[in-house]
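First the structure, in the form of structure tokens, and then the observations on it.
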Amino acid sequence: MQIKIHHKLTSFSLLKLIYDLFLQTTWGSSLLCVICIPSLLCVICIPRVFPSFARLLFPSIQSHPSRMQSSGPLVSLSWIFINNEWHNSVSGKKFPVFNPATEEKICEVEEGDKEDIDKAVKAARQAFQIGSPWRTMNASERGRLIYKLADLIERDRLLLATMESINGGKLFSNSYTLDLGGCVATLRYCAAYLSTNDCVFYFPDGNFFGYTRHEPIGVCGQIIPWNFPLFMFIWKIGPALCCGNTVVVKPAEQTPLTALHVASLIQEAGFPPGVVNIVPGYGPTAGAAISSHMDIDKVAFTGSTEVGKMIKEAAGKSNLKRVTLELGGKSPFIVFADSDLDSAVEVAHQALFYHQGQCCIAASRLFVEESIYDEFVRRSVERAKKYVLGNPLTPGVSQGPQIDKKQYEKILDLIESGKKEGAKLECGGGPWGNKGFFIQPTVFSNVTDEMRIAKEEIFGPVQQIMKFKSLDDVIKRANNTHYGLAAGIFTKDIDKAITVSSALQAGTVWVNCYSVVSPQCPFGGFKMSGNGRELGEYGLQEYTEVKMVTMKISQKNS
Amino acid sequence: MAHSVKRLPLAQVMTPGSWDAAPHWAPCSAGSLLLPLPLPLLPACIFINNEWHESKSGKKFATYNPSTLEKICEVEEGDKLDVDKAVEAAHAAFQRGSPWRRLDALGRGWLLHQLADLVERDRAILATLETMDTGKPFLHAFFIDLEGCIKTLRYFAGWADKIQGRTIPTDDNVVCFTRHEPIGVCGAITPWNFPLLMLVWKLAPALCCGNTIVVKPAEQTPLTALYLGSLIKEVGFPPGVVNIVPGFGPTVGAAISSHPHISKIAFTGSTEVGKLVKEAASRSNLKRVTLELGGKNPCIVCADADLDLAVECAHQGVFFNQGQCCTAASRVFVEEQIYPEFVRRSVEYAKKRPIGDPFDIRTEQGPQIDQKQFDKILDLIESGKKEGAKLECGGSAMEDRGLFIKPTVFSEVTDTMRIAKEEIFGPVQPILKFKNIEEVIKRANSLEYGLTAAVFTKNLDKALKLASALESGTVWINCYNAIYAQAPFGGFKMSGNGRELGLMSYLLELHHSVYFSLRS
């Protein structure tokens, strides 16, 4: 089979592009010294070291899964990954993957369906059998494999960041630093945690002695979103593997490429076959097959609240598999009059516009205290107008495209509703350019709580600025939503900070900062923003099943 | 406006004395019967906001004594509207600034301690009510159920002011710490096999962590829950913190599990209903769910085990509470060479098991809870006979005695028989044979259930190997039903989601963790 490549990148243009990027961006000059040479080497080596990516660049290279399996290092990007091998889909179907900046097709990927999920689950179950290499592996060795995977991702960082930008419309500088940096840090956190996941001893009443074993749950199904394709993939597999589970992963149909590249790294790191299985495909087919599968013990999903409900329902209907969900948000960001205004404006701006607004934690309800409202709006508009839109690989560009046409149209529809419902459009408010799914950075002021833009998740570059008068009033309004993912507070007053952070119904509250997500800290939602936590010790617990072992002893000796 | 207690229909509870006089019941000599207690009048109503209410629909339902099949009293029948009222009260009690939210954690613990004191004070009354409503032997109710309630309350009372967050070192200049906050209004649906104990298992951790709660006791056994309501009021919990709505599953239970203002639901009952509860939780508002469901628990007896101990534990493991335990040892795997001897002794035990009036101190086994369960058990016994298991003893109902079933032992049971696969929830002991450890691990793990397991062996290596290989939430080694407030309890696979009791119950189940960062 031949992978059709429409993207016009060649290794030379990529080399030049990255070189420019490092020279021209503000942070580039310092980074240049640190990573310029390795990255240049990397780019030059790509065709040799990463034949898969080479095929992306040189469409004439022929490839076939059977050849892939026999010839070791030749790894494809576009197949189903089961048992450390590449497979065609059972149905023979494929689906196209697009570049949202150009609307051009990047390549076609094998489309997984129920039968492929069955195959993957079988492999994962086999790898989880008592006595298998994975079940008999020392925890320290599991940790070493995860460290190794982190190292390999770091080695291929440039390649992965580029793929993420092309496929996800994400600014290259963001993918390189934040997404890839986050992936590596998360894996290292999980790898290091292994040595500390102790059991607990119990001394119950009577002549008994007990201990808990924190066991892996079994086969975990994991469904990944398209906004942080690789980062969320790592958030899911890191803790699952750390605790000794096996996984069947469905990357988002929009963005399967980086996960598939990491599959080749998983193989390279030496994970036993069947421990990680990746089945690209669509939600209603592959996703539904995972959530209702009778032999999957746990499902973890990141995505919309609507789909999250369907997943938990399917889990209940099928085999009561454990469920963790990271869903939507309409996160409040509260700015008190006493806050550092410069910092508040900038952080609020980034909190919403980062990655074109396509973050579940996007601060999409900005509450500003009356007395500073006008000034805040003025500065926010000024900041939004500074944006340069364009291809996310191009240096100097600060905003890329939305992921696809569906999202693009939904956002434009919400913007229209804002205009109609009487919000004041301060800037933006429409599409940009004649190719790609670009939307102008948009700011609305005079927004009230009952408008659609103040209630629905927009997932786009649209900032709503609301006014508030008192602390009690803003707490009530901030909590008046089914969502409860994150919240931000800006104030210098410690009493306000503590009062409001305790009162807000949100899984994460940031004070005088926003979007600080690190692998040590638990992340997840109150109310309909999710169930369970990811990352941190809390998140790792979600991948263990607790077994209480109680033994009779002859006599208690306290 | 609430009714005063006096105006409400108070249950005319038949005391054990009058019940003993029932004409068709004279199984025991008067000497061994426990003396009847003067039972107080019981407010058989809906408990909301520390007040007693009639049902909105005006309907009532009867609760029966399964030993005599006589009606004990009628109880107000809750429905969706009553649940709404209860949730409203619980929601108001959970509002920021409410007395409950402003109460110090130590104060919450103190209230729970006091509740434990009152339960201890009224222990005999509660045990009597429990025995009348469920048919379990009075001494079991008094010493096991009530003991468990008191200890669970005290255990969680001690935790109330020790719920700590963490500070977490992160990259960059931020301070990060977690707060463990109460979830909000919790719904609880409790079963009929341990009505009060299971209620306390749900109530104590929920209140310890500062939640408010709406409870539906099982329709077969609402009495002790309502009595506990009066104790909760007496202790002085703020109104709305605990609300009790007696009623049926498809009405009250469904209303709780699909209520948009209930943030968490805890259910103990069948796997079938557990699935419905989880589905309803997903469809409504993604409320958090913990489930304690069915089991078909393997009890593995190796040839080197202390046989006396193993026979006794396996016997109690399956026959305790008339077999109506989710932890019932309903698949006993015995190693080949000791199989005949094990069966012989088990049959001996079963034949000696005293059945009769639950108020007789000699009684070990009372009636099944209701006609439906009774029929189901007899049907499964029939299936065992038909499918070729060898009936060693029992195998039928007691003649002319309502819902009593003779202790039944089947030997030569194979894995494919219904009695080896389905939860029986009755006094039926299927004994299976095994040859080696690898085989028994596979067979023990072959079902969708994974609640508990037990291992009898003197060999350390075998014990640890089985403990790690068995897919179940609890493994007992050389003991059975060793359940303590300190130790987490819950199921693998389709036996449940989450854990109850112990540290786990609140660290993992009852709390949101929230963290925030300050730039420093």
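Each chain in the structure tokens gets a letter, A, B, ..., in the order shown, and its residues are numbered from 1; ligands are numbered from 1 in order too.
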
As an MDAnalysis selection string, please: the residues near stretch 462-465 of chain A (cut-off 9 Å, only C-alpha atoms, same-chain neighbours under 3 positions excluded).
chainID A and resid 349 352:353 356:357 363:368 373 376:377 411 415 423 428:429 440:448 453:454 458:459

Store the residues picked out above, limited to C-alpha atoms, as a tab-separated table (two decimals), in the first residue's frame.
chain	number	residue	atom	x	y	z
A	349	HIS	CA	-6.05	35.70	28.14
A	352	LEU	CA	-8.82	31.04	27.28
A	353	PHE	CA	-6.92	31.44	24.02
A	356	GLN	CA	-7.32	28.09	20.05
A	357	GLY	CA	-9.53	27.70	23.12
A	363	ALA	CA	-11.42	29.92	31.38
A	364	SER	CA	-14.56	30.65	29.42
A	365	ARG	CA	-16.43	32.59	32.05
A	366	LEU	CA	-14.38	35.54	33.10
A	367	PHE	CA	-15.89	37.36	36.09
A	368	VAL	CA	-14.34	40.78	36.68
A	373	TYR	CA	-14.29	46.01	34.54
A	376	PHE	CA	-9.91	44.98	32.12
A	377	VAL	CA	-11.99	44.71	28.97
A	411	ILE	CA	-17.94	27.94	17.43
A	415	ILE	CA	-20.42	33.57	18.34
A	423	ALA	CA	-23.38	40.68	24.25
A	428	GLY	CA	-13.04	39.32	16.21
A	429	GLY	CA	-16.34	37.55	15.75
A	440	GLN	CA	-10.52	35.35	14.73
A	441	PRO	CA	-9.73	35.82	18.42
A	442	THR	CA	-13.03	37.05	19.77
A	443	VAL	CA	-13.85	39.02	22.92
A	444	PHE	CA	-17.36	39.65	24.21
A	445	SER	CA	-18.11	42.12	27.01
A	446	ASN	CA	-21.40	42.82	28.81
A	447	VAL	CA	-22.08	39.11	28.88
A	448	THR	CA	-24.83	37.92	31.21
A	453	ILE	CA	-21.94	31.80	25.38
A	454	ALA	CA	-21.96	31.99	29.19
A	458	ILE	CA	-17.44	26.80	23.25
A	459	PHE	CA	-14.05	25.12	22.77

Among stretch 278-503 of chain A, which ones does DSSP assign to strand (DSSP E or B) (computed from the backbone)? Answer as a count of residues only.
47

Residues of chain A near chain B: apply a cut-off of 8 Å, count only C-alpha atoms, and supply the list as a count of residues only.
47

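With only C-alpha atoms as the atoms that count, the residue of B:Leu39, B:Leu207, B:Cys73, B:Ile144 with the shortest distance to B:Leu106 is B:Leu207.
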
Might you pull out every residue within 6 Å of stretch 237-249 of chain B, with only C-alpha atoms counted and same-chain residues fewer than 2 positions away left off, and present them as a compact mmCIF listing (two decimals) with C-alpha atoms, in the first residue's frame?
# COMPACT_ATOMS: atom_id res chain seq x y z
CA ILE B 46 -40.81 9.33 56.32
CA PHE B 47 -37.95 11.10 58.12
CA ILE B 48 -37.05 14.45 56.56
CA ASN B 49 -35.46 17.47 58.22
CA ASN B 50 -35.54 15.70 61.60
CA GLU B 77 -44.67 4.63 51.31
CA GLY B 78 -42.30 7.17 49.78
CA ALA B 86 -35.80 14.81 51.14
CA ALA B 89 -33.79 19.23 52.76
CA ALA B 90 -30.42 17.53 52.34
CA ALA B 93 -28.43 21.38 54.95
CA THR B 212 -25.74 14.95 53.85
CA ILE B 213 -27.68 11.83 53.00
CA VAL B 214 -30.99 10.52 51.69
CA VAL B 215 -31.53 6.86 52.53
CA LYS B 216 -33.94 4.29 51.17
CA PRO B 217 -34.08 1.25 53.45
CA GLU B 219 -39.02 -2.27 51.63
CA THR B 251 -40.03 4.21 42.71
CA VAL B 252 -37.87 5.58 45.54
CA GLY B 253 -34.70 3.77 44.47

All alpha helix (DSSP H) positions in stretch 196-370 of chain A, as a PDB file with C-alpha atoms, in the first residue's frame:
ATOM      1  CA  PRO A 229      -3.512  13.793  21.393  1.00  0.00           C
ATOM      2  CA  LEU A 230      -0.160  12.669  22.690  1.00  0.00           C
ATOM      3  CA  PHE A 231      -0.251  14.306  26.111  1.00  0.00           C
ATOM      4  CA  MET A 232      -3.610  12.749  27.011  1.00  0.00           C
ATOM      5  CA  PHE A 233      -2.435   9.431  25.590  1.00  0.00           C
ATOM      6  CA  ILE A 234       0.484   9.516  28.016  1.00  0.00           C
ATOM      7  CA  TRP A 235      -1.778  10.636  30.892  1.00  0.00           C
ATOM      8  CA  LYS A 236      -3.738   7.478  30.351  1.00  0.00           C
ATOM      9  CA  ILE A 237      -1.090   4.872  29.605  1.00  0.00           C
ATOM     10  CA  GLY A 238       1.486   6.157  32.138  1.00  0.00           C
ATOM     11  CA  PRO A 239      -0.560   5.457  35.288  1.00  0.00           C
ATOM     12  CA  ALA A 240      -2.130   2.307  33.796  1.00  0.00           C
ATOM     13  CA  LEU A 241       1.238   0.750  32.981  1.00  0.00           C
ATOM     14  CA  CYS A 242       2.773   1.977  36.216  1.00  0.00           C
ATOM     15  CA  LEU A 257      -0.596   9.789  14.283  1.00  0.00           C
ATOM     16  CA  THR A 258       1.514  10.570  17.341  1.00  0.00           C
ATOM     17  CA  ALA A 259       0.006   7.725  19.359  1.00  0.00           C
ATOM     18  CA  LEU A 260       0.942   5.327  16.584  1.00  0.00           C
ATOM     19  CA  HIS A 261       4.475   6.632  16.507  1.00  0.00           C
ATOM     20  CA  VAL A 262       4.721   6.132  20.272  1.00  0.00           C
ATOM     21  CA  ALA A 263       3.508   2.579  19.658  1.00  0.00           C
ATOM     22  CA  SER A 264       6.724   1.963  17.769  1.00  0.00           C
ATOM     23  CA  LEU A 265       8.645   3.389  20.714  1.00  0.00           C
ATOM     24  CA  ILE A 266       6.768   1.098  23.103  1.00  0.00           C
ATOM     25  CA  GLN A 267       7.925  -1.801  20.998  1.00  0.00           C
ATOM     26  CA  GLU A 268      11.437  -0.416  20.935  1.00  0.00           C
ATOM     27  CA  ALA A 269      11.499   0.084  24.705  1.00  0.00           C
ATOM     28  CA  ALA A 288     -18.543   2.012  21.837  1.00  0.00           C
ATOM     29  CA  ALA A 289     -16.938  -1.419  21.500  1.00  0.00           C
ATOM     30  CA  ILE A 290     -14.465  -0.514  24.249  1.00  0.00           C
ATOM     31  CA  SER A 291     -17.004   0.898  26.662  1.00  0.00           C
ATOM     32  CA  THR A 305     -19.845  15.312  28.870  1.00  0.00           C
ATOM     33  CA  GLU A 306     -22.404  13.998  26.400  1.00  0.00           C
ATOM     34  CA  VAL A 307     -20.196  11.096  25.327  1.00  0.00           C
ATOM     35  CA  GLY A 308     -18.971  10.581  28.901  1.00  0.00           C
ATOM     36  CA  LYS A 309     -22.523   9.804  29.961  1.00  0.00           C
ATOM     37  CA  MET A 310     -22.873   7.260  27.178  1.00  0.00           C
ATOM     38  CA  ILE A 311     -19.642   5.592  28.229  1.00  0.00           C
ATOM     39  CA  LYS A 312     -20.609   5.249  31.873  1.00  0.00           C
ATOM     40  CA  GLU A 313     -24.015   3.984  30.843  1.00  0.00           C
ATOM     41  CA  ALA A 314     -22.455   1.378  28.541  1.00  0.00           C
ATOM     42  CA  ALA A 315     -20.124   0.375  31.383  1.00  0.00           C
ATOM     43  CA  GLY A 316     -23.152  -0.085  33.649  1.00  0.00           C
ATOM     44  CA  LYS A 317     -25.087  -2.038  31.043  1.00  0.00           C
ATOM     45  CA  LEU A 341      -4.097  43.753  36.689  1.00  0.00           C
ATOM     46  CA  ASP A 342      -1.302  43.173  34.185  1.00  0.00           C
ATOM     47  CA  SER A 343      -0.822  39.645  35.334  1.00  0.00           C
ATOM     48  CA  ALA A 344      -4.572  38.973  35.545  1.00  0.00           C
ATOM     49  CA  VAL A 345      -5.217  40.183  31.996  1.00  0.00           C
ATOM     50  CA  GLU A 346      -2.374  38.133  30.561  1.00  0.00           C
ATOM     51  CA  VAL A 347      -3.160  34.950  32.492  1.00  0.00           C
ATOM     52  CA  ALA A 348      -6.896  35.212  31.776  1.00  0.00           C
ATOM     53  CA  HIS A 349      -6.051  35.700  28.140  1.00  0.00           C
ATOM     54  CA  GLN A 350      -3.790  32.646  27.947  1.00  0.00           C
ATOM     55  CA  ALA A 351      -6.261  30.647  30.023  1.00  0.00           C
ATOM     56  CA  LEU A 352      -8.820  31.045  27.285  1.00  0.00           C
ATOM     57  CA  PHE A 353      -6.920  31.439  24.016  1.00  0.00           C
TER      58      PHE A 353
END

Contact residues around A:Pro519 with only C-alpha atoms at 6 Å, ignoring same-chain residues under 4 positions, as a VMD selection string:
chain A and resid 186 535 to 536

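Relative to atom CA of B:Leu146, atom CA of B:Glu120 is found at 7.9 Å.
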
Distance in Å - atom CA of B:Asp145 versus atom CA of B:Ser270
20.4 Å

Could you give me, as a PDB file with N, CA, C and O atoms, in the first residue's frame, the residues within 9 Å of A:Ala337, counting only C-alpha atoms and dropping anything in the same chain fewer than 5 positions from it?
ATOM      1  N   VAL A 368     -15.229  39.694  36.290  1.00  0.00           N
ATOM      2  CA  VAL A 368     -14.341  40.781  36.685  1.00  0.00           C
ATOM      3  C   VAL A 368     -15.110  41.736  37.594  1.00  0.00           C
ATOM      4  O   VAL A 368     -16.266  42.072  37.320  1.00  0.00           O
ATOM      5  N   GLU A 369     -14.469  42.159  38.673  1.00  0.00           N
ATOM      6  CA  GLU A 369     -15.141  43.023  39.636  1.00  0.00           C
ATOM      7  C   GLU A 369     -15.443  44.370  38.985  1.00  0.00           C
ATOM      8  O   GLU A 369     -14.638  44.916  38.229  1.00  0.00           O
ATOM      9  N   GLU A 370     -16.618  44.868  39.302  1.00  0.00           N
ATOM     10  CA  GLU A 370     -17.185  46.060  38.699  1.00  0.00           C
ATOM     11  C   GLU A 370     -16.191  47.210  38.495  1.00  0.00           C
ATOM     12  O   GLU A 370     -16.053  47.742  37.406  1.00  0.00           O
ATOM     13  N   SER A 371     -15.468  47.533  39.568  1.00  0.00           N
ATOM     14  CA  SER A 371     -14.654  48.749  39.530  1.00  0.00           C
ATOM     15  C   SER A 371     -13.515  48.684  38.515  1.00  0.00           C
ATOM     16  O   SER A 371     -13.025  49.722  38.074  1.00  0.00           O
ATOM     17  N   ILE A 372     -13.066  47.497  38.141  1.00  0.00           N
ATOM     18  CA  ILE A 372     -11.976  47.433  37.161  1.00  0.00           C
ATOM     19  C   ILE A 372     -12.445  46.869  35.827  1.00  0.00           C
ATOM     20  O   ILE A 372     -11.653  46.596  34.939  1.00  0.00           O
ATOM     21  N   TYR A 373     -13.746  46.712  35.698  1.00  0.00           N
ATOM     22  CA  TYR A 373     -14.286  46.009  34.538  1.00  0.00           C
ATOM     23  C   TYR A 373     -13.879  46.656  33.210  1.00  0.00           C
ATOM     24  O   TYR A 373     -13.337  46.001  32.310  1.00  0.00           O
ATOM     25  N   PHE A 490      -8.029  35.600  40.962  1.00  0.00           N
ATOM     26  CA  PHE A 490      -6.944  36.579  41.046  1.00  0.00           C
ATOM     27  C   PHE A 490      -7.253  37.580  42.133  1.00  0.00           C
ATOM     28  O   PHE A 490      -8.238  38.296  42.075  1.00  0.00           O
ATOM     29  N   THR A 491      -6.423  37.609  43.153  1.00  0.00           N
ATOM     30  CA  THR A 491      -6.578  38.560  44.247  1.00  0.00           C
ATOM     31  C   THR A 491      -5.282  38.582  45.036  1.00  0.00           C
ATOM     32  O   THR A 491      -4.508  37.627  45.002  1.00  0.00           O
TER      33      THR A 491
END

I'd like the neighbourhood of stretch 162-164 of chain A as a PDB file with all heavy atoms, in the first residue's frame, where a residue qualifies if any of its atoms comes within 7 Å (using only C-alpha atoms), though same-chain residues fewer than 4 positions away should be ignored.
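Result went into part-v2.pdb, see below:
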ATOM      1  N   LEU A 158      11.307  16.134  18.629  1.00  0.00           N
ATOM      2  CA  LEU A 158      11.134  17.063  17.522  1.00  0.00           C
ATOM      3  C   LEU A 158      10.157  16.496  16.495  1.00  0.00           C
ATOM      4  O   LEU A 158       9.253  17.179  16.014  1.00  0.00           O
ATOM      5  CB  LEU A 158      12.504  17.291  16.891  1.00  0.00           C
ATOM      6  CG  LEU A 158      12.622  18.381  15.871  1.00  0.00           C
ATOM      7  CD1 LEU A 158      12.224  19.709  16.475  1.00  0.00           C
ATOM      8  CD2 LEU A 158      14.060  18.447  15.386  1.00  0.00           C
ATOM      9  N   GLY A 168      -2.672  18.257  14.512  1.00  0.00           N
ATOM     10  CA  GLY A 168      -3.589  18.833  15.495  1.00  0.00           C
ATOM     11  C   GLY A 168      -3.774  20.329  15.360  1.00  0.00           C
ATOM     12  O   GLY A 168      -4.537  20.937  16.108  1.00  0.00           O
ATOM     13  N   LYS A 170      -1.695  22.516  16.174  1.00  0.00           N
ATOM     14  CA  LYS A 170      -1.164  23.088  17.409  1.00  0.00           C
ATOM     15  C   LYS A 170       0.123  23.844  17.107  1.00  0.00           C
ATOM     16  O   LYS A 170       0.941  23.378  16.322  1.00  0.00           O
ATOM     17  CB  LYS A 170      -0.894  21.912  18.352  1.00  0.00           C
ATOM     18  CG  LYS A 170      -0.635  22.258  19.780  1.00  0.00           C
ATOM     19  CD  LYS A 170      -0.320  20.983  20.539  1.00  0.00           C
ATOM     20  CE  LYS A 170      -1.546  20.189  20.887  1.00  0.00           C
ATOM     21  NZ  LYS A 170      -2.133  20.600  22.154  1.00  0.00           N
ATOM     22  N   PHE A 172       3.719  24.907  16.935  1.00  0.00           N
ATOM     23  CA  PHE A 172       4.868  24.032  17.123  1.00  0.00           C
ATOM     24  C   PHE A 172       5.568  24.304  18.448  1.00  0.00           C
ATOM     25  O   PHE A 172       5.967  23.390  19.167  1.00  0.00           O
ATOM     26  CB  PHE A 172       5.862  24.192  15.969  1.00  0.00           C
ATOM     27  CG  PHE A 172       7.103  23.377  16.162  1.00  0.00           C
ATOM     28  CD1 PHE A 172       7.097  22.032  15.859  1.00  0.00           C
ATOM     29  CD2 PHE A 172       8.251  23.939  16.699  1.00  0.00           C
ATOM     30  CE1 PHE A 172       8.222  21.257  16.084  1.00  0.00           C
ATOM     31  CE2 PHE A 172       9.378  23.174  16.925  1.00  0.00           C
ATOM     32  CZ  PHE A 172       9.362  21.828  16.611  1.00  0.00           C
ATOM     33  N   SER A 175       3.623  22.567  21.146  1.00  0.00           N
ATOM     34  CA  SER A 175       3.747  21.111  21.184  1.00  0.00           C
ATOM     35  C   SER A 175       5.122  20.709  21.671  1.00  0.00           C
ATOM     36  O   SER A 175       5.255  19.764  22.426  1.00  0.00           O
ATOM     37  CB  SER A 175       3.485  20.402  19.847  1.00  0.00           C
ATOM     38  OG  SER A 175       3.176  21.245  18.831  1.00  0.00           O
ATOM     39  N   THR A 258       0.453  10.620  16.334  1.00  0.00           N
ATOM     40  CA  THR A 258       1.514  10.570  17.341  1.00  0.00           C
ATOM     41  C   THR A 258       1.400   9.326  18.208  1.00  0.00           C
ATOM     42  O   THR A 258       2.416   8.731  18.580  1.00  0.00           O
ATOM     43  CB  THR A 258       1.512  11.828  18.229  1.00  0.00           C
ATOM     44  OG1 THR A 258       0.153  12.178  18.512  1.00  0.00           O
ATOM     45  CG2 THR A 258       2.182  12.985  17.540  1.00  0.00           C
TER      46      THR A 258
END

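Coordinates place atom CA of B:Cys313 at a distance of 20.3 Å from atom CA of B:Ile437.
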